[in-house]
file structure_30.pdb (PDB, C-alpha atoms)
ATOM      1  CA  MET A   1      86.524 -96.951 270.916
ATOM      2  CA  MET A   2      83.745 -98.848 269.176
ATOM      3  CA  LYS A   3      82.778 -95.716 267.321
ATOM      4  CA  LYS A   4      86.326 -95.281 265.975
ATOM      5  CA  THR A   5      86.406 -98.914 264.887
ATOM      6  CA  ILE A   6      83.169 -98.548 262.940
ATOM      7  CA  ILE A   7      84.391 -95.367 261.270
ATOM      8  CA  ALA A   8      87.663 -97.049 260.279
ATOM      9  CA  THR A   9      85.747 -99.999 258.877
ATOM     10  CA  VAL A  10      83.481 -97.756 256.840
ATOM     11  CA  ILE A  11      86.424 -95.764 255.466
ATOM     12  CA  GLY A  12      88.212 -98.969 254.558
ATOM     13  CA  SER A  13      85.122-100.243 252.771
ATOM     14  CA  VAL A  14      84.856 -97.011 250.795
ATOM     15  CA  PHE A  15      88.480 -97.292 249.675
ATOM     16  CA  MET A  16      87.967-100.928 248.684
ATOM     17  CA  LEU A  17      84.856-100.066 246.666
ATOM     18  CA  ALA A  18      86.660 -97.176 244.978
ATOM     19  CA  ALA A  19      89.563 -99.463 244.120
ATOM     20  CA  CYS A  20      87.166-102.054 242.699
ATOM     21  CA  SER A  21      85.438 -99.347 240.669
ATOM     22  CA  ASP A  22      88.789 -98.110 239.347
ATOM     23  CA  ASN A  23      89.816-101.644 238.413
ATOM     24  CA  THR A  24      86.524-102.232 236.550
ATOM     25  CA  GLU A  25      86.821 -99.009 234.563
ATOM     26  CA  LEU A  26      90.463 -99.764 233.808
ATOM     27  CA  THR A  27      89.554-103.236 232.616
ATOM     28  CA  GLN A  28      86.764-101.841 230.434
ATOM     29  CA  ALA A  29      89.100 -99.212 229.012
ATOM     30  CA  LYS A  30      91.722-101.841 228.216
ATOM     31  CA  GLU A  31      89.097-104.019 226.534
ATOM     32  CA  LYS A  32      87.831-101.064 224.484
ATOM     33  CA  LEU A  33      91.397-100.159 223.501
ATOM     34  CA  ALA A  34      92.080-103.725 222.417
ATOM     35  CA  THR A  35      88.872-103.726 220.343
ATOM     36  CA  LEU A  36      89.818-100.436 218.670
ATOM     37  CA  GLU A  37      93.335-101.697 217.957
ATOM     38  CA  GLN A  38      91.898-104.829 216.380
ATOM     39  CA  GLN A  39      89.448-102.818 214.276
ATOM     40  CA  SER A  40      92.218-100.437 213.217
ATOM     41  CA  ALA A  41      94.453-103.326 212.243
ATOM     42  CA  GLN A  42      91.635-104.834 210.181
ATOM     43  CA  GLN A  43      90.930-101.481 208.537
ATOM     44  CA  VAL A  44      94.620-100.961 207.731
ATOM     45  CA  GLU A  45      94.780-104.479 206.304
ATOM     46  CA  LYS A  46      91.708-103.797 204.141
ATOM     47  CA  LEU A  47      93.038-100.451 202.887
ATOM     48  CA  THR A  48      96.433-101.993 202.180
ATOM     49  CA  ALA A  49      94.789-104.730 200.129
ATOM     50  CA  GLU A  50      92.751-102.177 198.174
ATOM     51  CA  LEU A  51      95.839-100.041 197.593
ATOM     52  CA  ASN A  52      97.800-103.032 196.319
ATOM     53  CA  GLN A  53      94.937-103.921 193.990
ATOM     54  CA  VAL A  54      94.852-100.399 192.550
ATOM     55  CA  LYS A  55      98.639-100.469 192.109
ATOM     56  CA  ALA A  56      98.379-103.806 190.301
ATOM     57  CA  GLU A  57      95.657-102.457 187.987
ATOM     58  CA  LEU A  58      97.700 -99.349 187.230
ATOM     59  CA  ALA A  59     100.776-101.455 186.544
ATOM     60  CA  THR A  60      98.788-103.688 184.197
ATOM     61  CA  HIS A  61      97.347-100.708 182.368
ATOM     62  CA  ALA A  62     100.737 -99.003 182.147
ATOM     63  CA  SER A  63     102.245-102.131 180.643
ATOM     64  CA  GLN A  64      99.472-102.228 178.038
ATOM     65  CA  VAL A  65      99.479 -98.530 177.131
ATOM     66  CA  PRO A  66     102.491 -96.618 178.446
ATOM     67  CA  ALA A  67     103.207 -93.050 177.460
ATOM     68  CA  LEU A  68     103.208 -93.388 173.690
ATOM     69  CA  HIS A  69     106.249 -92.772 171.527
ATOM     70  CA  VAL A  70     104.758 -92.564 168.065
ATOM     71  CA  LYS A  71     106.542 -92.541 164.749
ATOM     72  CA  VAL A  72     104.899 -91.995 161.391
ATOM     73  CA  SER A  73     105.563 -94.688 158.824
ATOM     74  CA  THR A  74     105.155 -94.099 155.078
ATOM     75  CA  VAL A  75     103.811 -97.435 153.902
ATOM     76  CA  PHE A  76     103.733 -96.388 150.259
ATOM     77  CA  GLU A  77     104.871 -93.443 148.168
ATOM     78  CA  LYS A  78     105.405 -93.308 144.462
ATOM     79  CA  GLU A  79     105.399 -90.699 141.717
ATOM     80  CA  GLU A  80     105.247 -91.384 138.022
ATOM     81  CA  GLU A  81     105.135 -89.147 134.953
ATOM     82  CA  ILE A  82     102.983 -90.463 132.126
ATOM     83  CA  LYS A  83     103.601 -89.183 128.602
ATOM     84  CA  HIS A  84     100.649 -89.144 126.212
ATOM     85  CA  THR A  85     100.398 -89.158 122.449
ATOM     86  CA  VAL A  86      99.468 -85.623 121.357
ATOM     87  CA  LYS A  87      97.193 -85.199 118.357
ATOM     88  CA  ASP A  88      96.415 -81.502 118.611
ATOM     89  CA  GLU A  89      97.495 -78.485 120.644
ATOM     90  CA  TYR A  90      94.807 -78.962 123.296
ATOM     91  CA  ASP A  91      95.781 -82.492 124.186
ATOM     92  CA  ILE A  92      97.460 -83.206 127.516
ATOM     93  CA  GLU A  93     101.105 -84.037 127.004
ATOM     94  CA  THR A  94     102.028 -85.421 130.434
ATOM     95  CA  THR A  95     100.286 -86.414 133.656
ATOM     96  CA  THR A  96     102.091 -86.619 136.967
ATOM     97  CA  VAL A  97     100.697 -89.189 139.373
ATOM     98  CA  HIS A  98     101.675 -88.850 143.034
ATOM     99  CA  TYR A  99     100.463 -91.284 145.694
ATOM    100  CA  ARG A 100     101.436 -91.324 149.372
ATOM    101  CA  MET A 101     100.033 -93.222 152.334
ATOM    102  CA  GLN A 102     101.154 -93.002 155.966
ATOM    103  CA  VAL A 103     100.172 -94.670 159.244
ATOM    104  CA  PRO A 104     101.251 -94.064 162.853
ATOM    105  CA  GLU A 105     103.211 -96.779 164.642
ATOM    106  CA  THR A 106     103.122 -97.115 168.439
ATOM    107  CA  GLY A 107     104.710-100.529 169.010
ATOM    108  CA  ILE A 108     101.503-101.725 170.712
ATOM    109  CA  ASP A 109     100.031-104.542 168.628
ATOM    110  CA  TRP A 110      96.310-104.021 169.197
ATOM    111  CA  LEU A 111      96.623-100.243 168.755
ATOM    112  CA  ASP A 112      98.696-100.496 165.571
ATOM    113  CA  THR A 113      96.215-103.011 164.106
ATOM    114  CA  LEU A 114      93.340-100.636 164.860
ATOM    115  CA  LEU A 115      95.176 -97.663 163.346
ATOM    116  CA  VAL A 116      95.912 -99.525 160.125
ATOM    117  CA  LYS A 117      92.202-100.326 159.791
ATOM    118  CA  VAL A 118      91.380 -96.622 160.195
ATOM    119  CA  TYR A 119      94.091 -95.208 157.933
ATOM    120  CA  SER A 120      93.194 -97.531 155.078
ATOM    121  CA  ASN A 121      90.189 -95.247 154.376
ATOM    122  CA  THR A 122      90.183 -91.483 153.931
ATOM    123  CA  ASP A 123      86.690 -91.196 155.405
ATOM    124  CA  GLY A 124      87.839 -92.239 158.879
ATOM    125  CA  LYS A 125      85.737 -95.398 158.884
ATOM    126  CA  LEU A 126      87.088 -98.761 159.944
ATOM    127  CA  SER A 127      88.029-101.102 157.140
ATOM    128  CA  ASP A 128      86.897-104.696 157.470
ATOM    129  CA  LYS A 129      89.522-105.907 154.999
ATOM    130  CA  VAL A 130      92.940-104.406 155.686
ATOM    131  CA  LEU A 131      94.406-105.750 158.931
ATOM    132  CA  THR A 132      98.177-105.319 158.537
ATOM    133  CA  LYS A 133     100.581-102.660 157.353
ATOM    134  CA  GLU A 134     101.864-105.040 154.696
ATOM    135  CA  ALA A 135      98.337-105.530 153.354
ATOM    136  CA  LEU A 136      97.863-101.759 153.311
ATOM    137  CA  THR A 137     101.048-101.368 151.267
ATOM    138  CA  GLN A 138      99.793-103.948 148.766
ATOM    139  CA  GLN A 139      96.437-102.183 148.551
ATOM    140  CA  ALA A 140      98.130 -98.840 147.845
ATOM    141  CA  GLN A 141     100.325-100.414 145.156
ATOM    142  CA  GLN A 142      97.298-101.941 143.455
ATOM    143  CA  GLU A 143      95.413 -98.634 143.568
ATOM    144  CA  PHE A 144      98.407 -96.779 142.141
ATOM    145  CA  SER A 145      98.764 -99.272 139.272
ATOM    146  CA  THR A 146      95.052 -99.038 138.466
ATOM    147  CA  ILE A 147      95.183 -95.230 138.457
ATOM    148  CA  VAL A 148      98.187 -95.191 136.124
ATOM    149  CA  ASP A 149      96.500 -97.630 133.718
ATOM    150  CA  ASP A 150      93.304 -95.562 133.675
ATOM    151  CA  ILE A 151      95.167 -92.301 133.042
ATOM    152  CA  LYS A 152      97.085 -93.872 130.162
ATOM    153  CA  LYS A 153      93.723 -94.588 128.538
ATOM    154  CA  GLU A 154      92.079 -91.274 129.462
ATOM    155  CA  PRO A 155      94.622 -88.484 130.146
ATOM    156  CA  ILE A 156      93.925 -85.920 132.864
ATOM    157  CA  SER A 157      95.894 -82.856 133.903
ATOM    158  CA  GLY A 158      97.224 -84.494 137.053
ATOM    159  CA  TYR A 159      96.527 -86.927 139.843
ATOM    160  CA  GLU A 160      97.416 -86.732 143.510
ATOM    161  CA  HIS A 161      96.404 -88.886 146.473
ATOM    162  CA  ILE A 162      97.978 -87.870 149.775
ATOM    163  CA  SER A 163      97.179 -89.552 153.085
ATOM    164  CA  ASN A 164      99.182 -88.253 156.057
ATOM    165  CA  ALA A 165      99.270 -89.369 159.679
ATOM    166  CA  GLU A 166      99.916 -87.381 162.847
ATOM    167  CA  PHE A 167      99.920 -88.122 166.572
ATOM    168  CA  GLU A 168      98.013 -85.316 168.296
ATOM    169  CA  GLY A 169      98.489 -86.306 171.917
ATOM    170  CA  GLN A 170      97.550 -88.421 174.912
ATOM    171  CA  ARG A 171      95.561 -87.577 178.028
ATOM    172  CA  GLU A 172      95.182 -90.464 180.465
ATOM    173  CA  ASN A 173      93.242 -93.205 178.617
ATOM    174  CA  ILE A 174      92.447 -91.086 175.534
ATOM    175  CA  VAL A 175      94.917 -90.940 172.646
ATOM    176  CA  THR A 176      94.229 -88.860 169.549
ATOM    177  CA  PHE A 177      95.579 -89.163 166.019
ATOM    178  CA  SER A 178      94.775 -87.160 162.904
ATOM    179  CA  HIS A 179      94.416 -88.391 159.347
ATOM    180  CA  SER A 180      94.767 -85.617 156.779
ATOM    181  CA  TYR A 181      94.056 -86.332 153.137
ATOM    182  CA  TYR A 182      94.092 -84.582 149.779
ATOM    183  CA  SER A 183      92.835 -85.886 146.464
ATOM    184  CA  TYR A 184      93.091 -84.319 143.026
ATOM    185  CA  ALA A 185      92.006 -85.945 139.772
ATOM    186  CA  GLY A 186      92.021 -83.066 137.304
ATOM    187  CA  GLY A 187      89.559 -80.207 137.294
ATOM    188  CA  ALA A 188      89.620 -76.860 139.028
ATOM    189  CA  HIS A 189      90.850 -78.031 142.415
ATOM    190  CA  GLY A 190      91.282 -81.010 144.676
ATOM    191  CA  VAL A 191      89.468 -81.928 147.856
ATOM    192  CA  GLY A 192      91.100 -82.404 151.221
ATOM    193  CA  GLY A 193      90.321 -82.610 154.874
ATOM    194  CA  ILE A 194      91.286 -84.033 158.213
ATOM    195  CA  ASN A 195      89.751 -86.770 160.354
ATOM    196  CA  TYR A 196      90.473 -87.124 164.061
ATOM    197  CA  ILE A 197      90.700 -90.559 165.636
ATOM    198  CA  ASN A 198      90.144 -90.702 169.402
ATOM    199  CA  ILE A 199      90.908 -94.053 171.001
ATOM    200  CA  ASP A 200      89.964 -95.187 174.491
ATOM    201  CA  THR A 201      92.864 -97.384 175.586
ATOM    202  CA  ASN A 202      90.813 -98.887 178.421
ATOM    203  CA  LYS A 203      88.198-100.141 175.975
ATOM    204  CA  LYS A 204      90.650-100.617 173.087
ATOM    205  CA  ALA A 205      88.159 -98.941 170.777
ATOM    206  CA  ILE A 206      87.511 -95.741 168.842
ATOM    207  CA  ILE A 207      85.355 -93.202 170.671
ATOM    208  CA  THR A 208      82.275 -92.453 168.575
ATOM    209  CA  LEU A 209      79.750 -89.698 169.138
ATOM    210  CA  ASN A 210      77.348 -92.190 170.745
ATOM    211  CA  ASP A 211      80.135 -93.273 173.116
ATOM    212  CA  LEU A 212      80.781 -89.643 173.959
ATOM    213  CA  ILE A 213      77.189 -88.464 174.383
ATOM    214  CA  ALA A 214      74.092 -90.607 174.871
ATOM    215  CA  PRO A 215      71.583 -90.249 171.983
ATOM    216  CA  ALA A 216      69.052 -88.795 174.432
ATOM    217  CA  GLN A 217      71.426 -85.854 175.075
ATOM    218  CA  GLN A 218      72.394 -85.182 171.476
ATOM    219  CA  ASP A 219      69.581 -82.761 170.697
ATOM    220  CA  LYS A 220      70.958 -80.492 173.432
ATOM    221  CA  LEU A 221      74.374 -80.627 171.810
ATOM    222  CA  LYS A 222      72.817 -79.912 168.438
ATOM    223  CA  ASP A 223      71.258 -76.723 169.839
ATOM    224  CA  ILE A 224      74.627 -75.635 171.235
ATOM    225  CA  LEU A 225      76.417 -76.320 167.942
ATOM    226  CA  TRP A 226      73.754 -74.512 165.949
ATOM    227  CA  GLY A 227      74.272 -71.470 168.162
ATOM    228  CA  LYS A 228      78.039 -71.653 167.543
ATOM    229  CA  TYR A 229      77.527 -71.959 163.793
ATOM    230  CA  LYS A 230      74.851 -69.280 163.476
ATOM    231  CA  GLY A 231      76.560 -66.714 165.669
ATOM    232  CA  ASP A 232      75.129 -63.267 164.946
ATOM    233  CA  GLN A 233      74.209 -64.019 161.342
ATOM    234  CA  ALA A 234      70.697 -64.236 159.985
ATOM    235  CA  GLU A 235      69.722 -67.762 158.981
ATOM    236  CA  GLU A 236      69.150 -66.780 155.343
ATOM    237  CA  ASP A 237      72.813 -65.725 155.108
ATOM    238  CA  LEU A 238      74.123 -69.121 156.232
ATOM    239  CA  PHE A 239      75.281 -71.955 154.000
ATOM    240  CA  VAL A 240      72.740 -74.316 155.618
ATOM    241  CA  ASN A 241      69.510 -73.581 157.468
ATOM    242  CA  ARG A 242      68.320 -74.849 160.850
ATOM    243  CA  LYS A 243      66.320 -77.666 159.307
ATOM    244  CA  ASP A 244      69.273 -79.056 157.358
ATOM    245  CA  PHE A 245      71.824 -78.572 160.136
ATOM    246  CA  ASP A 246      72.723 -82.115 161.141
ATOM    247  CA  PHE A 247      75.648 -82.742 163.440
ATOM    248  CA  ILE A 248      74.630 -86.282 164.415
ATOM    249  CA  LYS A 249      76.394 -87.844 161.424
ATOM    250  CA  ASN A 250      79.615 -86.153 162.475
ATOM    251  CA  ASN A 251      82.011 -88.400 164.408
ATOM    252  CA  ASN A 252      84.886 -86.080 163.592
ATOM    253  CA  PHE A 253      85.902 -84.360 166.830
ATOM    254  CA  TYR A 254      88.879 -83.961 169.119
ATOM    255  CA  PHE A 255      89.539 -83.027 172.748
ATOM    256  CA  SER A 256      91.538 -80.046 173.979
ATOM    257  CA  PRO A 257      91.927 -78.101 177.255
ATOM    258  CA  ALA A 258      89.434 -75.576 175.839
ATOM    259  CA  GLY A 259      86.695 -78.114 175.158
ATOM    260  CA  LEU A 260      85.502 -80.355 172.337
ATOM    261  CA  HIS A 261      86.078 -79.396 168.709
ATOM    262  CA  PHE A 262      83.702 -80.675 166.027
ATOM    263  CA  VAL A 263      85.153 -80.567 162.513
ATOM    264  CA  TYR A 264      82.969 -80.510 159.396
ATOM    265  CA  PRO A 265      84.232 -81.317 155.881
ATOM    266  CA  VAL A 266      84.338 -78.870 152.986
ATOM    267  CA  TYR A 267      80.889 -78.065 151.583
ATOM    268  CA  THR A 268      79.112 -79.280 154.743
ATOM    269  CA  LEU A 269      78.673 -75.948 156.543
ATOM    270  CA  GLY A 270      80.321 -73.586 154.080
ATOM    271  CA  PRO A 271      81.562 -73.147 150.509
ATOM    272  CA  TYR A 272      84.849 -74.581 149.259
ATOM    273  CA  VAL A 273      86.783 -71.351 149.839
ATOM    274  CA  GLU A 274      86.059 -71.560 153.593
ATOM    275  CA  GLY A 275      87.497 -75.047 153.829
ATOM    276  CA  GLU A 276      86.576 -77.140 156.820
ATOM    277  CA  VAL A 277      84.416 -75.565 159.532
ATOM    278  CA  GLU A 278      85.310 -76.172 163.164
ATOM    279  CA  LEU A 279      82.869 -75.545 166.006
ATOM    280  CA  THR A 280      84.257 -75.494 169.554
ATOM    281  CA  VAL A 281      82.111 -76.229 172.613
ATOM    282  CA  SER A 282      83.708 -75.358 175.950
ATOM    283  CA  TRP A 283      83.877 -77.811 178.836
ATOM    284  CA  TYR A 284      81.483 -75.615 180.797
ATOM    285  CA  GLU A 285      78.864 -76.072 178.095
ATOM    286  CA  ILE A 286      79.356 -79.743 177.298
ATOM    287  CA  ASN A 287      80.720 -81.520 180.351
ATOM    288  CA  ALA A 288      77.323 -82.345 181.897
ATOM    289  CA  LEU A 289      76.124 -83.826 178.581
ATOM    290  CA  LEU A 290      79.019 -86.266 178.313
ATOM    291  CA  ASN A 291      78.943 -89.869 179.424
ATOM    292  CA  LYS A 292      80.780 -90.214 182.732
ATOM    293  CA  ASP A 293      83.799 -91.931 181.159
ATOM    294  CA  TYR A 294      84.688 -88.718 179.320
ATOM    295  CA  GLN A 295      83.694 -85.963 181.727
ATOM    296  CA  ARG A 296      86.361 -83.655 183.115
ATOM    297  CA  GLU A 297      86.657 -83.139 186.857
ATOM    298  CA  SER A 298      88.790 -79.975 186.841
ATOM    299  CA  ILE A 299      86.969 -77.865 184.273
ATOM    300  CA  GLU A 300      88.247 -74.577 185.659
ATOM    301  CA  MET A 301      91.878 -75.670 185.397
ATOM    302  CA  ASP A 302      91.353 -76.971 181.861
ATOM    303  CA  SER A 303      89.793 -73.693 180.812
ATOM    304  CA  VAL A 304      92.754 -71.767 182.229
ATOM    305  CA  GLU A 305      95.129 -74.014 180.293
ATOM    306  CA  GLY A 306      93.188 -73.427 177.107
ATOM    307  CA  SER A 307      92.890 -69.678 177.471
TER     308      SER A 307
END
call {"tool": "encode", "arguments": {"input": "structure_30.pdb", "output": "structure tokens"}}
result
Amino acid sequence: MMKKTIIATVIGSVFMLAACSDNTELTQAKEKLATLEQQSAQQVEKLTAELNQVKAELATHASQVPALHVKVSTVFEKEEEIKHTVKDEYDIETTTVHYRMQVPETGIDWLDTLLVKVYSNTDGKLSDKVLTKEALTQQAQQEFSTIVDDIKKEPISGYEHISNAEFEGQRENIVTFSHSYYSYAGGAHGVGGINYINIDTNKKAIITLNDLIAPAQQDKLKDILWGKYKGDQAEEDLFVNRKDFDFIKNNNFYFSPAGLHFVYPVYTLGPYVEGEVELTVSWYEINALLNKDYQRESIEMDSVEGS
């Protein structure tokens, strides 16, 4: 009888210990679950806050530079025919003067102000004088009047000054415009060209070559461009030699799915009959040289688009 009592007591103790052990593990599990739930809630709260911040930044940026709807405005255009006094058969009887100037308009104040400063010069450089479209119109009128007065004193066969604007496109924070120009003041032919204006809407500034590629990397780009220009030709057959080949002064470039296009004016890399020379460097070749702000992440997709 005593033996049975002891056995029963032992078995009861075992069950009690097992129950206590189960309760302890359950309590620990509940505490761990509560800790994980708290950490998860904190993590969700943090991610939600970060997401809301990103949304707010995107909304702010979108309000500053939405998808552009650009129209081209002709700020000045005038044509005048000047009749001259003829003294012999070789004298010029009439001179036609044609002057046109255009600028793009986006409806975004800071961008329009910047564009007017660019389009006031045919060389693509920023003007430090002209700040408004109205001022640009006045400048063009004054230039036209001066040209007409000069031609009345010294006749020439013709005069033409054409400055055209074009919106090339927008990719994220980069918007590109072109400024084509043509000038003729008598002689065998006129001179024309095209400048590309790339604007970083995040920085509200024009992207220069130094913004695009750090000076320390530009020699590598120069080697690539020289290879594009030289091709399979012998150096003595080229318009310029390796020593004189200088791309660093060239801020005239534009972006495309195929890569970066560097555009050189007439007479820079070829004779007049060849016009402007354009050298294209693919994203595969140039992406690693670019400053991080302007590198492409999906090079393969861009190359497919440009093929």
call {"tool": "resolve_selection", "arguments": {"input": "structure_30.pdb", "expression": "the PyMOL selection byres ((chain A and resi 103) around 9)", "output": "PyMOL selection string"}}
result
chain A and resi 71-75+101-102+104-105+112+115-116+119-120+133+163-166+179
call {"tool": "atom_distance", "arguments": {"input": "structure_30.pdb", "atom1": "CA of Asp149 (chain A)", "atom2": "CA of Gly187 (chain A)"}}
result
19.1 Å
call {"tool": "atom_distance", "arguments": {"input": "structure_30.pdb", "atom1": "CA of Trp283 (chain A)", "atom2": "CA of Phe245 (chain A)"}}
result
22.3 Å
call {"tool": "resolve_selection", "arguments": {"input": "structure_30.pdb", "expression": "the PyMOL selection byres ((chain A and resi 157-162) around 7)", "output": "PDB file with C-alpha atoms, keeping the file's coordinate frame"}}
result
ATOM      1  CA  ILE A  92      97.460 -83.206 127.516  1.00  0.00           C
ATOM      2  CA  THR A  95     100.286 -86.414 133.656  1.00  0.00           C
ATOM      3  CA  THR A  96     102.091 -86.619 136.967  1.00  0.00           C
ATOM      4  CA  VAL A  97     100.697 -89.189 139.373  1.00  0.00           C
ATOM      5  CA  HIS A  98     101.675 -88.850 143.034  1.00  0.00           C
ATOM      6  CA  TYR A  99     100.463 -91.284 145.694  1.00  0.00           C
ATOM      7  CA  ARG A 100     101.436 -91.324 149.372  1.00  0.00           C
ATOM      8  CA  MET A 101     100.033 -93.222 152.334  1.00  0.00           C
ATOM      9  CA  PRO A 155      94.622 -88.484 130.146  1.00  0.00           C
ATOM     10  CA  ILE A 156      93.925 -85.920 132.864  1.00  0.00           C
ATOM     11  CA  SER A 163      97.179 -89.552 153.085  1.00  0.00           C
ATOM     12  CA  ASN A 164      99.182 -88.253 156.057  1.00  0.00           C
ATOM     13  CA  TYR A 181      94.056 -86.332 153.137  1.00  0.00           C
ATOM     14  CA  TYR A 182      94.092 -84.582 149.779  1.00  0.00           C
ATOM     15  CA  SER A 183      92.835 -85.886 146.464  1.00  0.00           C
ATOM     16  CA  TYR A 184      93.091 -84.319 143.026  1.00  0.00           C
ATOM     17  CA  ALA A 185      92.006 -85.945 139.772  1.00  0.00           C
ATOM     18  CA  GLY A 186      92.021 -83.066 137.304  1.00  0.00           C
TER      19      GLY A 186
END
call {"tool": "atom_distance", "arguments": {"input": "structure_30.pdb", "atom1": "CA of Ile286 (chain A)", "atom2": "CA of Ala234 (chain A)"}}
result
24.8 Å
